[in-house]
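One structure is given here, and the rest of the page talks about it.
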Protein chains: 2
Amino acid sequence: MTFLDQLDPDALMRLQQTLLAEHSALKARGLRLNIARGKPSREQLDLSNAMLSILRADDCVTAAGDDARNYGGDHQGVFELRELFSPLLGAPPEQIVAGGNSSLSMMHDVITWALLKGIPGSTEPWSRLRDLTFICPAPGYELHHKICEEFGIHLLPVPVTPDGPDMDIVEMLTADQNVKGMWCVPTYANPTGEIYSQDVVARLAAMKTGASDFRLFWDDAYVVHHLGDKPHSTTKILDACLRAGNPDRPFVFSSTSKITFAGAGVGFLAASAANVAWYVDRVRRRGPGPDKLNQLRHVRFLKDADGLRRHMEAHRAILAPKFATLLQAFEHRLKDRGVAQWSCPEGGYFISIETRAGAARRTVALAQEAGVTLTTAGSTWPHGNDPKDSNIRIAPSFASIEDVEVAAEVIALSILLAAIEVLGKKAFCPA
Amino acid sequence: MTFLDQLDPDALMRLQQTLLAEHSALKARGLRLNIARGKPSREQLDLSNAMLSILRADDCVTAAGDDARNYGGDHQGVFELRELFSPLLGAPPEQIVAGGNSSLSMMHDVITWALLKGIPGSTEPWSRLRDLTFICPAPGYELHHKICEEFGIHLLPVPVTPDGPDMDIVEMLTADQNVKGMWCVPTYANPTGEIYSQDVVARLAAMKTGASDFRLFWDDAYVVHHLGDKPHSTTKILDACLRAGNPDRPFVFSSTSKITFAGAGVGFLAASAANVAWYVDRVRRRGPGPDKLNQLRHVRFLKDADGLRRHMEAHRAILAPKFATLLQAFEHRLKDRGVAQWSCPEGGYFISIETRAGAARRTVALAQEAGVTLTTAGSTWPHGNDPKDSNIRIAPSFASIEDVEVAAEVIALSILLAAIEVLGKKAFCPA
């Protein structure tokens with residue numbers, strides 16, 4: 001195989017003809033596949049079906065003696081569930097809040113309340129700042145960006161390295177007192193898949209910040225979502241920040257959305273005692289607190305750390321072959337062609353592809369023409385604006401393995417075709 | 001029986017001695033009763049136990065074809081549940097949002113988003129106003145007040161009449177452009193029990209407001225919570241506002257917290273198409289939307305309007321005798337004594353007592369001494385400050401009927417004793 005760049009114009013055109021014929025044949029199949037969203041498959045959801053009816057009427061009382069069907073109990077969530085997730089979140093149960101069915105909405109809580117009230121360490125509500133700014137490693141997670149965009153918070157993208165965000169740049173940016181927050185997905189990042197190194201975590205914990213109330217929004221969504229034989233883990237940020245003398249810096253988030261039921265899981269927040277007290281005090285004024293029955297369901301179903309580990313093994317058995325299928329197809333069709341680089345994640349829900357500059361949007365369009373819906377190009381960047389138009393996020397979890405196999409062919413083909421188009425334009429444009 | 005005021009000092013003192021002896025005897029019993037909170041009893045919760053295990057793995061798909069276990073589906077909530085509650089909320093399903101386990105948190109959403117973004121009709125975010133103000137009929141619901149207090153929103157109490165808030169005053173206050181909202185519990189108000197009359201609803205719908213984005217926060221929490229033989233209903237506010245040319249004025253809220261499980265119900269919001277679109281657009285940026293499994297549980301369990309009606313009849317059979325017990329005791333011990341007036345609610349969760357001015361706090365303290373915890377005096381008023389120190393809220397739902405009977409005696413006795421103390425102070429103070 002040769003780099004596309006090294007082909008002469010005739011060879012390139014002949015290759016394009018062959019690929020277009022292949023693309024037409026795929027179009028003719030009338031496929032309708034969707035690998036746009038990190039959504040568990042039916043088979044994965046089935047793993048948790050026992051949870052649907054696990055609560056008996058005489059078994060709805062928490063360890064603290066609260067009837068989970070009623071008002072009352074702890075606004076911080078059912079203690080034994082917090083205990084179960086304590087090692088994963090790197091915090092004692094007292095520093096964990098178990099919430100409703102969404103950790104994203106807990107991130108949204110922290111940001112709206114910080115805007116309206118300020119957080120521990122604030123001298124004024126964040127909404128008073130004209131140039132309130134967050135750092136976001138990019139490519140990153142669309143819904144992180146959207147919360148900021150919704151409330152007019154500026155987003156500063158920083159490059160992603162195999163060890164996490166480029167810390168030289170991060171340290172430079174956080175010196176600005178308008179920079180109040182930073183998004184992080186430290187374990188199997190969305191979408192780029194990297195695991196933050198010990199050094200990166202230590203630097204994030206210790207770096208000087210211009211704002212006294214700067215916060216890391218540490219979204220450890222994939223903390224137990226391993227794909228490889230060896231489970232990876234990130235240095236626990238709460239410990240690292242405590243050691244560095246910045247105990248209030250991190251808000252850690254996670255959830256069971258991709259452990260039990262994606263629409264009916266439990267979200268978690270872990271933080272310093274001061275941050276948790278601040279958060280729970282707000283929750284208390286908002287109503288009766290989280291759905292304790294659903295939290296008890298999770299306790300009864302997952303049981304303990306070992307139960308959780310075995311459950312995640314079953315997820316892995318379903319997910320890992322889908323990732324392997326895609327990676328094999330990419331290896332087979334795209335290796336040494338000089339058209340794309342892709343991540344080989346050892347956990348999480350995504351494969352991230354870097355196409356040639358200017359080819360991502362076209363690749364997604366070509367895949368769509370052939371019946372395969374991918375995540376909208378650009379959506380991994382703030383405001384949906386990928387400056388190089390090169391990033392594509394692949395989410396193979398929902399589709400069947402047969403569909404993933406077909407989708408992999410379509411994607412690879414679309415990447416090749418888009419790359420040739422980009423090369424062609426270059427050839428025909430005056431330099 | 002005679003009015004206390006007409007007793008001569010000696011007779012009053014003799015009565016006080018008798019009552020104090022009775023109070024001492026009650027104290028000696030070491031009671032520990034709590035009738036502070038509108039919390040369903042275990043017996044009421046048991047009515048919904050079938051809901052715990054009603055979902056089967058092969059029955060988790062909504063009418064729209066969405067797997068309720070997964071992400072996806074409608075951020076507005078499961079359609080068939082909205083359909084079921086449509087007649088009660090007075091809105092078509094398209095204008096209803098079914099949410100999480102708390103309608104109060106949906107009120108909180110509307111207020112925080114109005115503060116940060118403004119709502120349809122706003123010229124700027126509400127947080128820009130220095131003197132942002134809400135109207136609250138008082139006595140009213142503590143948690144309504146707390147949301148406003150949390151965000152520095154001024155509260156203007158208006159008197160409650162048997163037909164609802166005093167509309168002459170309300171109409172005067174809403175002329176001020178800083179007045180952006182008004183709390184209303186239109187059916188069996190918390191705690192005063194009145195049902196807003198047709199005329200009051202029409203005036204609320206039609207009144208001129210200084211703010212173009214004024215909103216009624218219409219908390220119809222007790223819409224199906226009848227205690228009497230005849231179910232009452234309030235004129236539907238969305239219709240009334242539409243007729244009056246103010247379609248965007250109301251946000252209607254309700255929930256199943258006191259229908260199914262208090263901690264694991266479903267909250268509702270109903271409003272104009274513009275308001276609902278605004279709300280759902282925000283929800284969409286916050287995460288995966290409500291727990292669809294819990295919404296489906298409600299559909300499968302309540303089934304239809306008739307199922308809901310029968311279910312509420314069963315609640316009534318448990319609740320009504322507790323209210324009757326209290327009212328009988330008050331009638332027996334307090335009638336024609338000139339010490340208190342009380343509501344005789346035909347629905348809802350509360351009895352509201354007006355003691356003599358200055359006697360509420362002391363009454364609650366005396367009851368506490370005898371082992372009966374009542375709602376903190378003053379808590380029905382903004383900032384916990386009852387200007388006359390006269391209102392007490394009684395919530396008999398949680399206690400057993402035997403306990404309610406004892407509590408009724410303690411409360412009546414405490415009211416009498418506190419009234420005598422107030423009279424005594426008057427007698428000894430120079431005018």
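In the structure tokens, each chain is lettered A, B, ... as it comes, each chain's residues begin at 1, and ligands are numbered from 1 in order of appearance.
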
Write out as JSON lines a residue-level contact list of chain A versus chain B with cut-off 8 Å: for each qualifying residue the closest pair of atoms and the distance in Å to one decimal, counting only C-alpha atoms, rows sorted by chain and residue number upward.
```
{"residue": "A:Lys39", "atom": "CA", "partner": "B:Tyr71", "partner_atom": "CA", "distance": 6.5}
{"residue": "A:Pro40", "atom": "CA", "partner": "B:Asn70", "partner_atom": "CA", "distance": 7.1}
{"residue": "A:Leu45", "atom": "CA", "partner": "B:Arg69", "partner_atom": "CA", "distance": 6.9}
{"residue": "A:Asp46", "atom": "CA", "partner": "B:Ala57", "partner_atom": "CA", "distance": 7.7}
{"residue": "A:Asn49", "atom": "CA", "partner": "B:Ala57", "partner_atom": "CA", "distance": 5.8}
{"residue": "A:Leu52", "atom": "CA", "partner": "B:Leu55", "partner_atom": "CA", "distance": 6.4}
{"residue": "A:Ser53", "atom": "CA", "partner": "B:Ser53", "partner_atom": "CA", "distance": 4.3}
{"residue": "A:Ile54", "atom": "CA", "partner": "B:Ser53", "partner_atom": "CA", "distance": 7.4}
{"residue": "A:Leu55", "atom": "CA", "partner": "B:Leu52", "partner_atom": "CA", "distance": 6.4}
{"residue": "A:Arg56", "atom": "CA", "partner": "B:Leu52", "partner_atom": "CA", "distance": 7.0}
{"residue": "A:Ala57", "atom": "CA", "partner": "B:Asn49", "partner_atom": "CA", "distance": 5.8}
{"residue": "A:Ala68", "atom": "CA", "partner": "B:Gly263", "partner_atom": "CA", "distance": 6.7}
{"residue": "A:Arg69", "atom": "CA", "partner": "B:Phe261", "partner_atom": "CA", "distance": 5.2}
{"residue": "A:Asn70", "atom": "CA", "partner": "B:Ala262", "partner_atom": "CA", "distance": 4.6}
{"residue": "A:Tyr71", "atom": "CA", "partner": "B:Gly263", "partner_atom": "CA", "distance": 4.9}
{"residue": "A:Gly72", "atom": "CA", "partner": "B:Gly263", "partner_atom": "CA", "distance": 7.8}
{"residue": "A:Asn101", "atom": "CA", "partner": "B:Asp291", "partner_atom": "CA", "distance": 6.4}
{"residue": "A:Ser102", "atom": "CA", "partner": "B:Gly287", "partner_atom": "CA", "distance": 6.4}
{"residue": "A:Ser103", "atom": "CA", "partner": "B:Gly287", "partner_atom": "CA", "distance": 8.0}
{"residue": "A:Leu104", "atom": "CA", "partner": "B:Gly287", "partner_atom": "CA", "distance": 5.5}
{"residue": "A:Ser105", "atom": "CA", "partner": "B:Arg286", "partner_atom": "CA", "distance": 5.2}
{"residue": "A:His108", "atom": "CA", "partner": "B:Arg286", "partner_atom": "CA", "distance": 6.3}
{"residue": "A:Thr112", "atom": "CA", "partner": "B:Thr112", "partner_atom": "CA", "distance": 7.4}
{"residue": "A:Leu116", "atom": "CA", "partner": "B:Phe151", "partner_atom": "CA", "distance": 7.2}
{"residue": "A:Lys117", "atom": "CA", "partner": "B:Phe151", "partner_atom": "CA", "distance": 7.5}
{"residue": "A:Leu143", "atom": "CA", "partner": "B:Arg285", "partner_atom": "CA", "distance": 6.8}
{"residue": "A:Lys146", "atom": "CA", "partner": "B:Arg285", "partner_atom": "CA", "distance": 6.3}
{"residue": "A:Ile147", "atom": "CA", "partner": "B:Arg285", "partner_atom": "CA", "distance": 6.2}
{"residue": "A:Glu150", "atom": "CA", "partner": "B:Arg285", "partner_atom": "CA", "distance": 7.7}
{"residue": "A:Phe151", "atom": "CA", "partner": "B:Leu116", "partner_atom": "CA", "distance": 7.2}
{"residue": "A:Phe261", "atom": "CA", "partner": "B:Arg69", "partner_atom": "CA", "distance": 5.2}
{"residue": "A:Ala262", "atom": "CA", "partner": "B:Asn70", "partner_atom": "CA", "distance": 4.7}
{"residue": "A:Gly263", "atom": "CA", "partner": "B:Asn70", "partner_atom": "CA", "distance": 4.8}
{"residue": "A:Ala264", "atom": "CA", "partner": "B:Asp291", "partner_atom": "CA", "distance": 5.0}
{"residue": "A:Arg285", "atom": "CA", "partner": "B:Ile147", "partner_atom": "CA", "distance": 6.2}
{"residue": "A:Arg286", "atom": "CA", "partner": "B:Ser105", "partner_atom": "CA", "distance": 5.2}
{"residue": "A:Gly287", "atom": "CA", "partner": "B:Leu104", "partner_atom": "CA", "distance": 5.5}
{"residue": "A:Pro288", "atom": "CA", "partner": "B:Gly263", "partner_atom": "CA", "distance": 6.6}
{"residue": "A:Gly289", "atom": "CA", "partner": "B:Gly263", "partner_atom": "CA", "distance": 7.7}
{"residue": "A:Pro290", "atom": "CA", "partner": "B:Asn101", "partner_atom": "CA", "distance": 7.3}
{"residue": "A:Asp291", "atom": "CA", "partner": "B:Ala264", "partner_atom": "CA", "distance": 5.0}
{"residue": "A:Lys292", "atom": "CA", "partner": "B:Gly263", "partner_atom": "CA", "distance": 6.6}
{"residue": "A:Leu293", "atom": "CA", "partner": "B:Ala264", "partner_atom": "CA", "distance": 6.5}
{"residue": "A:Asn294", "atom": "CA", "partner": "B:Ala264", "partner_atom": "CA", "distance": 7.9}
```

Query - Exercise: Pro250 in chain A partners within 12 Å, only C-alpha atoms, chain neighbours under 2 positions left out, as a PyMOL selection string - result: chain A and resi 89-91+95+107+110+120+180-184+201+204-206+213-220+236-242+244-248+252-253+269-276

Query - DSSP strand (DSSP E) residues within range 363-411 of chain B, listed as a ChimeraX atom specification - result: /B:372-373,391-394

Query - Residue contacts of Leu47 in chain A (8 Å, only C-alpha atoms) excluding same-chain residues fewer than 6 positions away, as number ranges by chain - result: A: 260, 311, 314-315

Query raised in the report: What lies within 9 Å of range 409-420 of chain A using only C-alpha atoms, ignoring chain neighbours under 6 positions off, as a PyMOL selection string?
Result: chain A and resi 4+12-13+15-16+19-20+22-23+26+326+329-330+333-334+337-340+355-367+370-372+374

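We find CA of Asp74 in chain B and CA of Ala114 in chain A to be spaced 28.7 Å apart.
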
**Report entry** Near-Arg309 in chain B list (12 Å; only C-alpha atoms; drop same-chain fewer than 6 positions) as a ChimeraX atom specification
**Finding:** /B:84-85,88,223-226,231,259,302-303,315-316

Report task. Provide the CA of Ala98 in chain B to CA of Asp59 in chain A distance in Å, to one decimal place. Result -> 27.6 Å

Query raised in the report: Looking at B:Gly30, B:Gln368, B:Asp389, B:Asp336, which one is nearest to Phe3 in chain B, with distances taken over only C-alpha atoms?
Result: B:Asp336

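Closest to Leu423 in chain B among B:Ile96, B:Ala202, B:Ile394, B:Leu7 is B:Leu7, based on only C-alpha atoms.
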
Identify, on the basis of only C-alpha atoms, every residue whose closest approach to Ile169 in chain A does not exceed 10 Å; exclude the query and any residue fewer than 3 positions from it along the same chain; express the result as a PDB file with all heavy atoms, in the first residue's frame.
```
ATOM      1  N   PRO A 157     -10.476  25.686  23.742  1.00  0.00           N
ATOM      2  CA  PRO A 157     -10.013  24.316  23.467  1.00  0.00           C
ATOM      3  C   PRO A 157      -8.507  24.194  23.680  1.00  0.00           C
ATOM      4  O   PRO A 157      -7.762  25.100  23.328  1.00  0.00           O
ATOM      5  CB  PRO A 157     -10.377  24.101  21.995  1.00  0.00           C
ATOM      6  CG  PRO A 157     -10.646  25.440  21.423  1.00  0.00           C
ATOM      7  CD  PRO A 157     -10.904  26.405  22.542  1.00  0.00           C
ATOM      8  N   VAL A 158      -8.104  23.073  24.289  1.00  0.00           N
ATOM      9  CA  VAL A 158      -6.659  22.773  24.369  1.00  0.00           C
ATOM     10  C   VAL A 158      -6.407  21.407  23.729  1.00  0.00           C
ATOM     11  O   VAL A 158      -7.270  20.534  23.783  1.00  0.00           O
ATOM     12  CB  VAL A 158      -6.113  22.765  25.822  1.00  0.00           C
ATOM     13  CG1 VAL A 158      -6.292  24.114  26.491  1.00  0.00           C
ATOM     14  CG2 VAL A 158      -6.742  21.672  26.636  1.00  0.00           C
ATOM     15  N   PRO A 159      -5.224  21.239  23.142  1.00  0.00           N
ATOM     16  CA  PRO A 159      -4.951  19.967  22.447  1.00  0.00           C
ATOM     17  C   PRO A 159      -4.887  18.789  23.417  1.00  0.00           C
ATOM     18  O   PRO A 159      -4.530  18.942  24.584  1.00  0.00           O
ATOM     19  CB  PRO A 159      -3.574  20.201  21.813  1.00  0.00           C
ATOM     20  CG  PRO A 159      -3.337  21.673  21.845  1.00  0.00           C
ATOM     21  CD  PRO A 159      -4.125  22.192  23.017  1.00  0.00           C
ATOM     22  N   PRO A 165      -4.734  16.268  28.531  1.00  0.00           N
ATOM     23  CA  PRO A 165      -4.624  17.593  27.931  1.00  0.00           C
ATOM     24  C   PRO A 165      -3.181  18.093  27.951  1.00  0.00           C
ATOM     25  O   PRO A 165      -2.411  17.711  28.822  1.00  0.00           O
ATOM     26  CB  PRO A 165      -5.510  18.466  28.829  1.00  0.00           C
ATOM     27  CG  PRO A 165      -5.645  17.711  30.100  1.00  0.00           C
ATOM     28  CD  PRO A 165      -5.548  16.276  29.759  1.00  0.00           C
ATOM     29  N   ASP A 166      -2.807  18.908  26.999  1.00  0.00           N
ATOM     30  CA  ASP A 166      -1.468  19.493  26.935  1.00  0.00           C
ATOM     31  C   ASP A 166      -1.296  20.453  28.104  1.00  0.00           C
ATOM     32  O   ASP A 166      -1.821  21.564  28.110  1.00  0.00           O
ATOM     33  CB  ASP A 166      -1.319  20.227  25.594  1.00  0.00           C
ATOM     34  CG  ASP A 166       0.085  20.773  25.405  1.00  0.00           C
ATOM     35  OD1 ASP A 166       0.711  21.212  26.403  1.00  0.00           O
ATOM     36  OD2 ASP A 166       0.562  20.753  24.260  1.00  0.00           O
ATOM     37  N   MET A 172      -0.790  27.673  31.300  1.00  0.00           N
ATOM     38  CA  MET A 172      -0.735  29.054  30.823  1.00  0.00           C
ATOM     39  C   MET A 172      -2.129  29.689  30.914  1.00  0.00           C
ATOM     40  O   MET A 172      -2.298  30.811  31.396  1.00  0.00           O
ATOM     41  CB  MET A 172      -0.248  29.036  29.379  1.00  0.00           C
ATOM     42  CG  MET A 172       0.351  30.315  28.875  1.00  0.00           C
ATOM     43  SD  MET A 172       0.879  30.060  27.144  1.00  0.00           S
ATOM     44  CE  MET A 172      -0.703  29.781  26.332  1.00  0.00           C
ATOM     45  N   LEU A 173      -3.123  28.938  30.473  1.00  0.00           N
ATOM     46  CA  LEU A 173      -4.476  29.499  30.396  1.00  0.00           C
ATOM     47  C   LEU A 173      -5.097  29.724  31.778  1.00  0.00           C
ATOM     48  O   LEU A 173      -5.816  30.688  31.987  1.00  0.00           O
ATOM     49  CB  LEU A 173      -5.394  28.565  29.584  1.00  0.00           C
ATOM     50  CG  LEU A 173      -5.039  28.407  28.101  1.00  0.00           C
ATOM     51  CD1 LEU A 173      -5.956  27.363  27.458  1.00  0.00           C
ATOM     52  CD2 LEU A 173      -5.163  29.746  27.360  1.00  0.00           C
ATOM     53  N   THR A 174      -4.824  28.809  32.728  1.00  0.00           N
ATOM     54  CA  THR A 174      -5.490  28.939  34.026  1.00  0.00           C
ATOM     55  C   THR A 174      -4.951  30.109  34.843  1.00  0.00           C
ATOM     56  O   THR A 174      -5.528  30.455  35.869  1.00  0.00           O
ATOM     57  CB  THR A 174      -5.352  27.653  34.875  1.00  0.00           C
ATOM     58  OG1 THR A 174      -3.988  27.266  34.900  1.00  0.00           O
ATOM     59  CG2 THR A 174      -6.211  26.551  34.332  1.00  0.00           C
TER      60      THR A 174
END
```

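Distance annotation: of A:Glu171, A:Tyr188, A:Asn178, A:Phe79, the residue with the minimal separation from Met207 in chain A is A:Glu171; atom set is only C-alpha atoms.
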